[in-house]
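Chemist: Sharing input-v4.cif (mmCIF, C-alpha atoms) below.
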```
data_model
loop_
_atom_site.label_atom_id
_atom_site.label_comp_id
_atom_site.auth_asym_id
_atom_site.auth_seq_id
_atom_site.Cartn_x
_atom_site.Cartn_y
_atom_site.Cartn_z
CA MET W 1 39.44 -24.87 157.70
CA THR W 2 39.32 -25.46 161.44
CA ARG W 3 37.13 -28.30 162.62
CA LYS W 4 35.32 -28.64 165.91
CA PRO W 5 33.71 -31.84 167.17
CA LYS W 6 30.02 -31.68 166.32
CA PRO W 7 27.25 -34.25 166.32
CA LYS W 8 26.76 -35.63 162.82
CA VAL W 9 23.44 -36.51 161.30
CA ARG W 10 23.29 -39.65 159.18
CA PHE W 11 20.15 -40.63 157.32
CA SER W 12 19.78 -44.17 156.07
CA ARG W 13 18.62 -44.43 152.46
CA PRO W 14 17.43 -48.09 152.60
CA ALA W 15 14.87 -47.21 155.30
CA ARG W 16 13.25 -44.57 153.09
CA PRO W 17 9.84 -45.54 151.75
CA PRO W 18 9.10 -44.41 148.22
CA ALA W 19 7.47 -41.03 147.73
CA GLU W 20 3.80 -41.10 146.95
CA VAL W 21 3.20 -39.18 143.74
CA PRO W 22 0.03 -37.09 143.92
CA PRO W 23 -2.26 -37.22 140.88
CA GLN W 24 -1.44 -33.57 140.06
CA ALA W 25 2.18 -34.57 139.37
CA GLU W 26 1.14 -37.16 136.81
CA ALA W 27 -1.20 -35.07 134.70
CA GLY W 28 -1.66 -31.52 133.49
CA SER W 29 -0.01 -29.23 131.00
CA TYR W 30 3.64 -28.23 131.01
CA PHE W 31 2.85 -24.86 132.59
CA ASP W 32 0.69 -26.21 135.43
CA VAL W 33 2.27 -25.64 138.84
CA ARG W 34 1.46 -28.51 141.21
CA PRO W 35 2.44 -29.91 144.63
CA ALA W 36 5.79 -31.70 144.64
CA ALA W 37 5.80 -35.39 145.51
CA LEU W 38 7.66 -35.56 148.83
CA PRO W 39 8.92 -38.67 150.66
CA PRO W 40 7.49 -39.49 154.11
CA ARG W 41 10.65 -38.20 155.81
CA LEU W 42 9.60 -34.69 154.71
CA GLU W 43 6.17 -35.06 156.27
CA GLY W 44 4.73 -31.69 157.24
CA LEU W 45 6.75 -29.82 154.60
CA ARG W 46 5.60 -28.75 151.17
CA ALA W 47 6.88 -27.41 147.87
CA LEU W 48 5.44 -26.62 144.49
CA THR W 49 6.90 -27.77 141.20
CA LYS W 50 6.31 -28.10 137.48
CA PRO W 51 8.12 -29.56 134.49
CA GLY W 52 11.50 -27.89 134.10
CA VAL W 53 12.17 -27.60 137.85
CA ARG W 54 15.03 -29.71 139.21
CA GLY W 55 13.71 -32.88 140.83
CA PHE W 56 10.25 -32.76 139.20
CA PRO W 57 7.82 -34.31 140.09
CA GLY W 58 9.48 -34.35 143.52
CA VAL W 59 12.38 -32.28 144.82
CA ASP W 60 16.10 -32.54 144.25
CA ASP W 61 17.68 -35.17 146.55
CA ALA W 62 20.28 -32.75 147.90
CA GLN W 63 17.57 -30.19 148.66
CA SER W 64 15.58 -32.87 150.44
CA LEU W 65 18.52 -33.71 152.73
CA LEU W 66 19.15 -29.99 153.24
CA ALA W 67 15.58 -29.48 154.48
CA GLN W 68 15.83 -32.46 156.83
CA THR W 69 19.10 -31.20 158.27
CA MET W 70 17.90 -27.64 158.80
CA ARG W 71 14.71 -28.90 160.44
CA ARG W 72 16.78 -31.08 162.76
CA ASP W 73 18.94 -28.04 163.58
CA ARG W 74 15.76 -26.07 164.37
CA VAL W 75 16.74 -23.23 162.05
CA ARG W 76 14.43 -20.23 162.46
CA GLY W 77 14.08 -16.69 161.15
CA ASP W 78 15.15 -15.26 157.79
CA VAL W 79 16.84 -17.75 155.47
CA LEU W 80 18.34 -16.80 152.11
CA ASP W 81 18.09 -19.78 149.74
CA LEU W 82 20.30 -19.23 146.69
CA ALA W 83 18.87 -22.22 144.80
CA ALA W 84 15.33 -22.29 146.10
CA GLY W 85 13.76 -24.69 143.61
CA GLY W 86 10.10 -25.02 144.51
CA GLY W 87 10.44 -23.36 147.93
CA LEU W 88 10.82 -26.42 150.17
CA LEU W 89 12.80 -24.53 152.83
CA GLY W 90 10.00 -21.98 153.09
CA SER W 91 7.81 -24.61 154.74
CA LEU W 92 10.25 -25.21 157.62
CA PRO W 93 8.65 -24.13 160.92
CA GLY W 94 9.57 -20.56 161.85
CA VAL W 95 11.48 -19.85 158.62
CA THR W 96 10.88 -16.75 156.50
CA LEU W 97 12.32 -17.57 153.10
CA ARG W 98 14.14 -15.21 150.77
CA ALA W 99 13.97 -17.32 147.63
CA VAL W 100 16.53 -16.79 144.86
CA GLU W 101 16.44 -18.65 141.54
CA GLY W 102 17.85 -18.37 138.05
CA SER W 103 15.40 -20.91 136.62
CA ALA W 104 12.26 -19.46 135.03
CA PRO W 105 10.24 -22.66 135.71
CA ALA W 106 11.27 -22.59 139.38
CA LEU W 107 10.44 -18.89 139.65
CA ALA W 108 6.93 -19.67 138.36
CA ALA W 109 6.51 -22.28 141.11
CA LEU W 110 7.86 -19.95 143.80
CA ARG W 111 5.54 -17.14 142.81
CA GLU W 112 2.57 -19.49 142.72
CA ALA W 113 3.48 -20.45 146.30
CA GLY W 114 3.34 -16.77 147.30
CA LEU W 115 7.02 -16.70 148.25
CA ASP W 116 9.33 -13.68 148.06
CA ALA W 117 11.11 -14.85 144.89
CA HIS W 118 13.94 -12.98 143.20
CA PRO W 119 15.59 -13.88 139.85
CA ALA W 120 19.37 -13.87 140.18
CA ALA W 121 22.53 -15.72 139.13
CA PRO W 122 25.88 -16.29 140.86
CA GLY W 123 27.67 -13.00 141.44
CA ASP W 124 24.56 -10.82 141.65
CA ASP W 125 24.59 -8.32 144.50
CA LEU W 126 21.41 -9.02 146.48
CA ARG W 127 21.77 -6.05 148.84
CA GLU W 128 19.61 -3.90 146.60
CA ARG W 129 16.80 -6.41 147.03
CA TRP W 130 17.53 -7.16 150.69
CA PRO W 131 19.82 -4.50 152.24
CA GLU W 132 20.37 -6.48 155.43
CA ARG W 133 21.96 -9.90 154.98
CA PRO W 134 20.25 -12.74 156.87
CA ARG W 135 22.24 -14.79 159.37
CA THR W 136 21.42 -18.07 157.61
CA VAL W 137 22.11 -18.88 153.95
CA ALA W 138 21.34 -22.15 152.13
CA LEU W 139 22.66 -23.43 148.83
CA VAL W 140 22.34 -26.60 146.77
CA LEU W 141 25.43 -26.97 144.61
CA ALA W 142 24.79 -27.61 140.91
CA GLY W 143 27.88 -29.71 140.34
CA ASP W 144 26.34 -31.09 137.16
CA ARG W 145 26.80 -27.61 135.62
CA GLY W 146 30.57 -27.82 135.89
CA ASN W 147 33.43 -26.77 138.12
CA ALA W 148 33.35 -23.06 137.26
CA TYR W 149 29.65 -22.73 138.06
CA ALA W 150 29.90 -24.54 141.40
CA LEU W 151 32.89 -22.39 142.43
CA ALA W 152 30.91 -19.30 141.41
CA GLN W 153 28.09 -20.54 143.66
CA VAL W 154 30.54 -20.94 146.57
CA ALA W 155 31.91 -17.41 146.09
CA TRP W 156 28.35 -16.05 145.87
CA ALA W 157 27.32 -17.82 149.07
CA HIS W 158 30.35 -16.34 150.83
CA ALA W 159 29.48 -12.83 149.62
CA CYS W 160 25.89 -13.25 150.80
CA THR W 161 26.75 -14.58 154.29
CA PRO W 162 27.69 -11.98 156.92
CA PRO W 163 30.65 -12.65 159.24
CA GLY W 164 29.39 -14.95 161.97
CA GLY W 165 26.54 -16.11 159.74
CA THR W 166 25.89 -19.75 158.85
CA LEU W 167 25.87 -21.41 155.44
CA TYR W 168 24.18 -24.76 154.85
CA LEU W 169 25.78 -26.22 151.73
CA ALA W 170 24.27 -29.31 150.07
CA GLY W 171 25.45 -31.36 147.13
CA ASP W 172 26.18 -34.69 145.49
CA ARG W 173 29.38 -36.56 146.30
CA ASP W 174 29.52 -37.80 142.69
CA LYS W 175 29.27 -34.22 141.35
CA GLY W 176 32.28 -32.73 143.11
CA TYR W 177 30.79 -32.01 146.56
CA ASP W 178 34.02 -32.77 148.46
CA ARG W 179 36.04 -30.44 146.23
CA TYR W 180 33.56 -27.59 146.57
CA VAL W 181 33.25 -27.99 150.34
CA ARG W 182 37.02 -27.70 150.63
CA ALA W 183 36.90 -24.49 148.60
CA ALA W 184 34.09 -23.17 150.79
CA GLY W 185 35.96 -24.19 153.93
CA ASN W 186 39.03 -22.24 152.87
CA ALA W 187 36.88 -19.11 152.58
CA PHE W 188 34.54 -19.59 155.54
CA GLY W 189 37.12 -20.91 157.97
CA THR W 190 35.02 -23.26 160.05
CA GLY W 191 32.53 -26.02 159.42
CA GLU W 192 32.11 -29.64 158.37
CA THR W 193 29.82 -32.14 156.72
CA ILE W 194 27.04 -32.94 159.18
CA ALA W 195 24.59 -35.07 157.16
CA ARG W 196 24.87 -37.90 154.66
CA ASP W 197 22.27 -39.83 152.72
CA GLY W 198 23.55 -42.11 149.99
CA GLY W 199 25.59 -39.81 147.78
CA MET W 200 24.02 -36.62 149.13
CA ARG W 201 25.84 -34.44 151.66
CA VAL W 202 25.18 -31.30 153.74
CA ALA W 203 27.86 -29.15 155.38
CA ARG W 204 27.35 -26.41 157.95
CA MET W 205 29.82 -23.52 157.92
CA VAL W 206 30.24 -20.33 159.94
CA ARG W 207 31.84 -17.42 158.13
CA ARG W 208 34.89 -15.74 159.56
CA PRO W 209 35.82 -12.21 158.37
CA GLY W 210 37.81 -12.25 155.17
CA PRO W 211 37.71 -11.61 151.43
CA THR W 212 35.28 -13.37 149.13
CA PRO W 213 36.93 -15.77 146.65
CA ALA W 214 37.27 -14.52 143.09
CA PHE W 215 34.50 -15.44 140.67
CA PRO W 216 35.58 -17.56 137.68
CA ASP W 217 36.08 -15.68 134.43
CA PRO W 218 33.80 -16.27 131.44
CA GLU W 219 34.96 -18.83 128.89
CA GLY W 220 34.39 -18.67 125.17
CA TYR W 221 35.55 -19.53 121.69
CA GLU W 222 35.21 -18.47 118.07
CA LEU W 223 33.19 -20.29 115.42
CA GLU W 224 32.74 -19.16 111.84
CA GLY W 225 33.92 -15.67 112.74
CA LEU W 226 31.57 -15.34 115.72
CA ARG W 227 32.90 -14.73 119.20
CA VAL W 228 30.90 -16.78 121.72
CA VAL W 229 30.88 -15.67 125.38
CA GLY W 230 30.24 -18.55 127.77
CA LEU W 231 29.47 -17.67 131.39
CA PRO W 232 30.09 -20.36 134.03
CA GLY W 233 27.49 -23.13 133.95
CA VAL W 234 26.07 -22.33 130.52
CA PHE W 235 25.80 -25.23 128.08
CA SER W 236 28.77 -25.41 125.70
CA ALA W 237 30.45 -22.41 127.34
CA ALA W 238 34.03 -23.35 126.45
CA LYS W 239 33.81 -25.06 123.07
CA PRO W 240 31.33 -25.57 120.23
CA ASP W 241 28.71 -28.22 120.78
CA ARG W 242 28.85 -30.84 118.01
CA ALA W 243 25.07 -30.98 117.64
CA THR W 244 24.78 -27.21 117.30
CA ALA W 245 27.61 -27.14 114.75
CA LEU W 246 25.79 -29.86 112.77
CA LEU W 247 22.56 -27.83 112.83
CA LEU W 248 24.29 -24.70 111.54
CA GLY W 249 26.05 -26.68 108.82
CA ALA W 250 22.75 -28.17 107.69
CA LEU W 251 21.23 -24.68 107.37
CA GLU W 252 24.03 -23.09 105.33
CA GLU W 253 21.86 -22.86 102.22
CA VAL W 254 18.75 -21.50 103.99
CA ASP W 255 18.12 -17.79 103.44
CA PHE W 256 17.09 -16.13 106.70
CA THR W 257 17.37 -12.55 105.41
CA GLY W 258 14.57 -10.43 106.84
CA GLN W 259 12.94 -13.35 108.64
CA ARG W 260 11.83 -13.21 112.27
CA VAL W 261 13.78 -16.08 113.84
CA LEU W 262 13.44 -17.55 117.34
CA ASP W 263 16.42 -19.23 119.02
CA LEU W 264 14.58 -21.38 121.54
CA GLY W 265 16.76 -22.47 124.48
CA CYS W 266 19.57 -20.17 123.36
CA GLY W 267 22.34 -21.05 125.84
CA THR W 268 25.39 -18.99 124.86
CA GLY W 269 23.42 -17.43 122.00
CA LEU W 270 25.48 -19.00 119.21
CA ILE W 271 22.49 -20.05 117.08
CA GLY W 272 20.74 -16.70 117.40
CA ALA W 273 23.94 -14.78 116.69
CA TRP W 274 24.57 -16.94 113.61
CA ALA W 275 21.06 -16.18 112.32
CA ALA W 276 21.42 -12.46 113.08
CA ARG W 277 24.65 -12.29 111.13
CA ARG W 278 22.78 -13.83 108.18
CA GLY W 279 20.24 -11.03 108.20
CA ALA W 280 17.53 -12.39 110.48
CA GLU W 281 15.60 -10.39 113.06
CA VAL W 282 16.31 -12.57 116.07
CA THR W 283 14.71 -13.24 119.44
CA LEU W 284 16.56 -15.53 121.84
CA VAL W 285 14.98 -17.13 124.92
CA ASP W 286 16.21 -19.36 127.71
CA GLY W 287 14.78 -20.48 131.03
CA ASP W 288 18.17 -20.07 132.71
CA LEU W 289 19.13 -16.52 133.69
CA GLN W 290 22.86 -17.22 133.40
CA SER W 291 22.30 -18.38 129.80
CA VAL W 292 20.29 -15.25 129.00
CA ARG W 293 23.21 -13.09 130.13
CA SER W 294 25.65 -15.23 128.19
CA ALA W 295 23.58 -14.79 125.01
CA GLN W 296 23.35 -11.03 125.57
CA ALA W 297 27.15 -10.91 125.90
CA THR W 298 27.60 -12.95 122.71
CA LEU W 299 25.40 -10.60 120.68
CA ALA W 300 27.21 -7.57 122.14
CA ALA W 301 30.65 -9.06 121.46
CA ASN W 302 29.76 -9.38 117.79
CA GLY W 303 27.92 -6.07 117.45
CA LEU W 304 24.72 -7.88 116.48
CA PRO W 305 21.15 -6.75 117.21
CA GLY W 306 18.71 -9.08 118.95
CA GLU W 307 16.27 -9.47 121.81
CA VAL W 308 17.12 -11.90 124.63
CA LEU W 309 14.40 -12.95 127.08
CA HIS W 310 14.37 -14.95 130.31
CA SER W 311 11.39 -17.20 129.66
CA ASP W 312 10.00 -20.60 130.62
CA VAL W 313 9.88 -21.93 127.03
CA ASP W 314 7.64 -19.36 125.24
CA ALA W 315 5.79 -18.01 128.31
CA GLY W 316 7.52 -14.63 128.04
CA LEU W 317 7.01 -14.10 124.31
CA GLY W 318 3.65 -12.36 124.42
CA GLU W 319 2.08 -12.32 120.95
CA ARG W 320 5.34 -12.72 119.00
CA THR W 321 5.37 -15.10 116.02
CA PHE W 322 8.23 -16.22 113.81
CA GLY W 323 9.01 -17.45 110.34
CA ALA W 324 11.59 -19.91 111.71
CA VAL W 325 12.41 -21.54 115.03
CA LEU W 326 15.92 -22.93 115.57
CA THR W 327 16.66 -25.13 118.55
CA ASN W 328 19.00 -27.62 120.17
CA PRO W 329 16.58 -28.50 122.97
CA PRO W 330 17.75 -29.57 126.42
CA PHE W 331 17.01 -33.07 127.60
CA HIS W 332 18.51 -32.80 131.08
CA VAL W 333 17.05 -31.04 134.12
CA GLY W 334 19.65 -31.39 136.87
CA ARG W 335 20.96 -34.97 136.92
CA GLY W 336 18.10 -36.67 135.10
CA VAL W 337 17.16 -37.19 131.47
CA VAL W 338 13.81 -35.43 131.10
CA LEU W 339 12.07 -34.88 127.77
CA ASP W 340 9.14 -32.76 129.03
CA VAL W 341 10.95 -29.51 128.25
CA ALA W 342 12.04 -30.56 124.76
CA ARG W 343 8.52 -31.72 123.90
CA GLU W 344 7.20 -28.35 125.06
CA PHE W 345 9.76 -26.68 122.79
CA ILE W 346 8.11 -28.49 119.87
CA ALA W 347 4.63 -27.51 121.06
CA ALA W 348 5.81 -23.89 121.44
CA ALA W 349 7.10 -23.92 117.87
CA GLY W 350 3.61 -24.92 116.78
CA ARG W 351 2.17 -21.95 118.65
CA ARG W 352 4.78 -19.46 117.44
CA LEU W 353 5.39 -20.33 113.79
CA THR W 354 3.58 -18.33 111.18
CA PRO W 355 1.82 -20.37 108.45
CA GLY W 356 4.56 -21.75 106.22
CA GLY W 357 7.19 -21.22 108.94
CA THR W 358 9.71 -23.97 109.72
CA LEU W 359 11.10 -25.52 112.90
CA TYR W 360 14.70 -26.73 112.62
CA LEU W 361 15.75 -29.03 115.47
CA VAL W 362 18.92 -31.01 116.24
CA ALA W 363 18.94 -33.92 118.66
CA ASN W 364 20.78 -37.06 119.70
CA GLU W 365 19.82 -39.89 117.35
CA PRO W 366 17.96 -42.03 119.95
CA LEU W 367 15.69 -39.22 121.21
CA PRO W 368 12.14 -39.86 119.97
CA TYR W 369 11.01 -36.43 118.80
CA GLU W 370 9.58 -37.45 115.43
CA ALA W 371 6.09 -38.24 116.76
CA ALA W 372 5.76 -34.85 118.45
CA LEU W 373 7.15 -33.08 115.38
CA GLY W 374 4.69 -34.96 113.21
CA THR W 375 1.79 -33.13 114.84
CA LEU W 376 3.03 -29.96 113.09
CA GLY W 377 3.48 -31.45 109.64
CA PRO W 378 5.60 -33.92 107.63
CA VAL W 379 9.02 -34.40 109.23
CA ARG W 380 12.13 -34.10 107.06
CA GLU W 381 15.57 -35.32 108.04
CA LEU W 382 18.17 -32.84 106.79
CA ARG W 383 21.31 -34.50 108.13
CA ARG W 384 22.45 -37.42 110.31
CA GLU W 385 26.03 -37.53 111.50
CA GLY W 386 28.15 -38.39 114.54
CA GLY W 387 25.19 -39.63 116.60
CA PHE W 388 23.01 -36.57 115.90
CA LYS W 389 20.16 -35.78 113.53
CA VAL W 390 18.82 -32.52 112.14
CA LEU W 391 15.07 -32.52 111.62
CA ALA W 392 12.75 -29.95 110.03
CA VAL W 393 9.00 -29.55 109.91
CA THR W 394 7.04 -26.79 108.19
CA ARG W 395 3.74 -25.56 109.56
CA ALA W 396 0.90 -25.83 107.04
CA GLY W 397 -0.11 -22.54 105.41
#
```
Show me this structure written as structure tokens.
Modeler:
Amino acid sequence: MTRKPKPKVRFSRPARPPAEVPPQAEAGSYFDVRPAALPPRLEGLRALTKPGVRGFPGVDDAQSLLAQTMRRDRVRGDVLDLAAGGGLLGSLPGVTLRAVEGSAPALAALREAGLDAHPAAPGDDLRERWPERPRTVALVLAGDRGNAYALAQVAWAHACTPPGGTLYLAGDRDKGYDRYVRAAGNAFGTGETIARDGGMRVARMVRRPGPTPAFPDPEGYELEGLRVVGLPGVFSAAKPDRATALLLGALEEVDFTGQRVLDLGCGTGLIGAWAARRGAEVTLVDGDLQSVRSAQATLAANGLPGEVLHSDVDAGLGERTFGAVLTNPPFHVGRGVVLDVAREFIAAAGRRLTPGGTLYLVANEPLPYEAALGTLGPVRELRREGGFKVLAVTRAG
């Protein structure tokens, strides 16, 4: 990567006053879209958010620095944001945002904001949606989703940036930013890091003509005769998750034949595929588009029937109800431990279970789900092992 002397922007974290959290961010239901709490340095900008969106009740720190840097650079015109979150870049003066997201919660916020939002995942060809590529592309790296996913993001950004176009690439130094910027630099040919704030970084790159880097191959494994297809960035893509394996072991004696079963937060689709192979009529949902595609591939690889939906918890399920809900709920959104989504999983089970239906849930031992589960009925502990617990609750008839 060739480097040219350029003025660098450095923001000082200690001088940053705390963000003021608006009342809407502190109250309301899981599905309520509300204004994001922004720090004073983002004065004049705006974004919407909700539980399940990275950075809630504010915005992701890397996205915040990205917006500051692009405002300082006086970026104008069409901007393609490949990880748009709640649409912060759409409030930059003179910017027309093409918002891309794989997160169903973020897509709900973007649509509420009236932005031109498009569901997509790394590798998708966006020319069908927008035939002419914009000259400016923005991307927040999700280094917390693993090396393969971040490299897929870099390749995607390269494919979406026309020769001579500019990429603004933001990320976290502690989540592999330097490694991914080097990979991007090898492909783009020119650029450098121009802004720093604590551990956050932003690079600006101009694309030279040349081939797009190869996208990482899917990973996968076999468990109990099932072939699991793990796309980059999907939870437990390369090996079985211990908690999920514990859940399946605890349910060996349960007869799911003919039951309508919901795999809530399906990830690679292992739980849903396991239930389908045992005779269940399965529906799998996930708020992450990459996970939805991974689950579809897992069902197809095993020749199993099933419906897979991209849904913010149960928002996309219509009137469907189930005799059993199986879940290993997420408790991370981006870098933080957030239990809002998992608690909504439990509430969704209450809405979706038929009378006499059972929710089976596995979780880390310290996570306090018992109180929420208790609102559905008496909680039973089926197994406790290796730092995990399998809990069950049956909805009253």
Chemist: Find the residues around stretch 87-101 of chain W up to 8 Å (all atoms listed in the file counted), leave out those fewer than 5 positions away in its own chain, and share them as a PyMOL selection string.
Modeler: chain W and resi 45-48+63+67+71+75-82+106-107+109-110+113+115-121
Chemist: Mind pulling up the distance from atom CA of W:Ala243 to atom CA of W:Gly350?
Modeler: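 Straight-line distance from atom CA of W:Gly350 to atom CA of W:Ala243 works out to 22.3 Å.
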Chemist: Give as an NGL selection string the residues that the PyMOL selection byres ((chain W and resi 215-217) around 12) matches when applied to the coordinates above.
Modeler: :W and (122-124 or 146-159 or 211-214 or 218-220 or 229-233 or 237-238)
Chemist: I'd like to see the residues matched by the PyMOL selection byres ((chain W and resi 299-301) around 8) on this file, and ideally I'd get them as a ChimeraX atom specification.
Modeler: /W:227-229,269,273,295-298,302-306
Chemist: Can you check which parts of stretch 110-172 of chain W lie within 12 Å of stretch 53-59 of chain W? Per residue, the shortest pair of atoms and distance in Å to one decimal, counting all atoms listed in the file, sorted by chain and number, as JSON lines.
Modeler:
```
{"residue": "W:Leu110", "atom": "CA", "partner": "W:Val53", "partner_atom": "CA", "distance": 10.6}
{"residue": "W:Val140", "atom": "CA", "partner": "W:Arg54", "partner_atom": "CA", "distance": 11.0}
{"residue": "W:Ala142", "atom": "CA", "partner": "W:Arg54", "partner_atom": "CA", "distance": 10.1}
{"residue": "W:Asp144", "atom": "CA", "partner": "W:Arg54", "partner_atom": "CA", "distance": 11.6}
```
Chemist: Could you check which of W:Arg395, W:Tyr30, W:Val234, W:Ala37 is closest to W:Val341, using only C-alpha atoms?
Modeler: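 Once distances to W:Val341 are computed over only C-alpha atoms, the minimum belongs to W:Tyr30.
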Chemist: For the file shown, what are the residues hit by the PyMOL selection byres ((chain W and resi 362) around 6), laid out as a ChimeraX atom specification?
Modeler: /W:247,328,361,363,389-390
Chemist: Looking at W:Gln290, W:Thr190, W:Thr69, W:Gln259, which one is nearest to W:Pro209, with distances taken over only C-alpha atoms?
Modeler: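 So, comparing all the options, the nearest one is W:Thr190.
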Chemist: For W:Val33, list every protein, DNA or RNA residue within 10 Å, evaluated using only C-alpha atoms, and leave out those in the same chain fewer than 2 positions away; present the list as a ChimeraX atom specification.
Modeler: /W:24-25,28-31,35-36,48-51,86,105-106,108-113
Chemist: Would you compute the distance between atom CA of W:Thr161 and atom CA of W:Gly176? Give it in Å to one decimal.
Modeler: 22.0 Å
Chemist: Mind pulling up the distance from atom CA of W:Met70 to atom CA of W:Ala195?
Modeler: 10.1 Å
Chemist: Pick out the closest residue to W:Pro329 from this set: W:Glu307, W:Asp73, W:Glu370, W:Asp263. Count only C-alpha atoms.
Modeler: W:Asp263
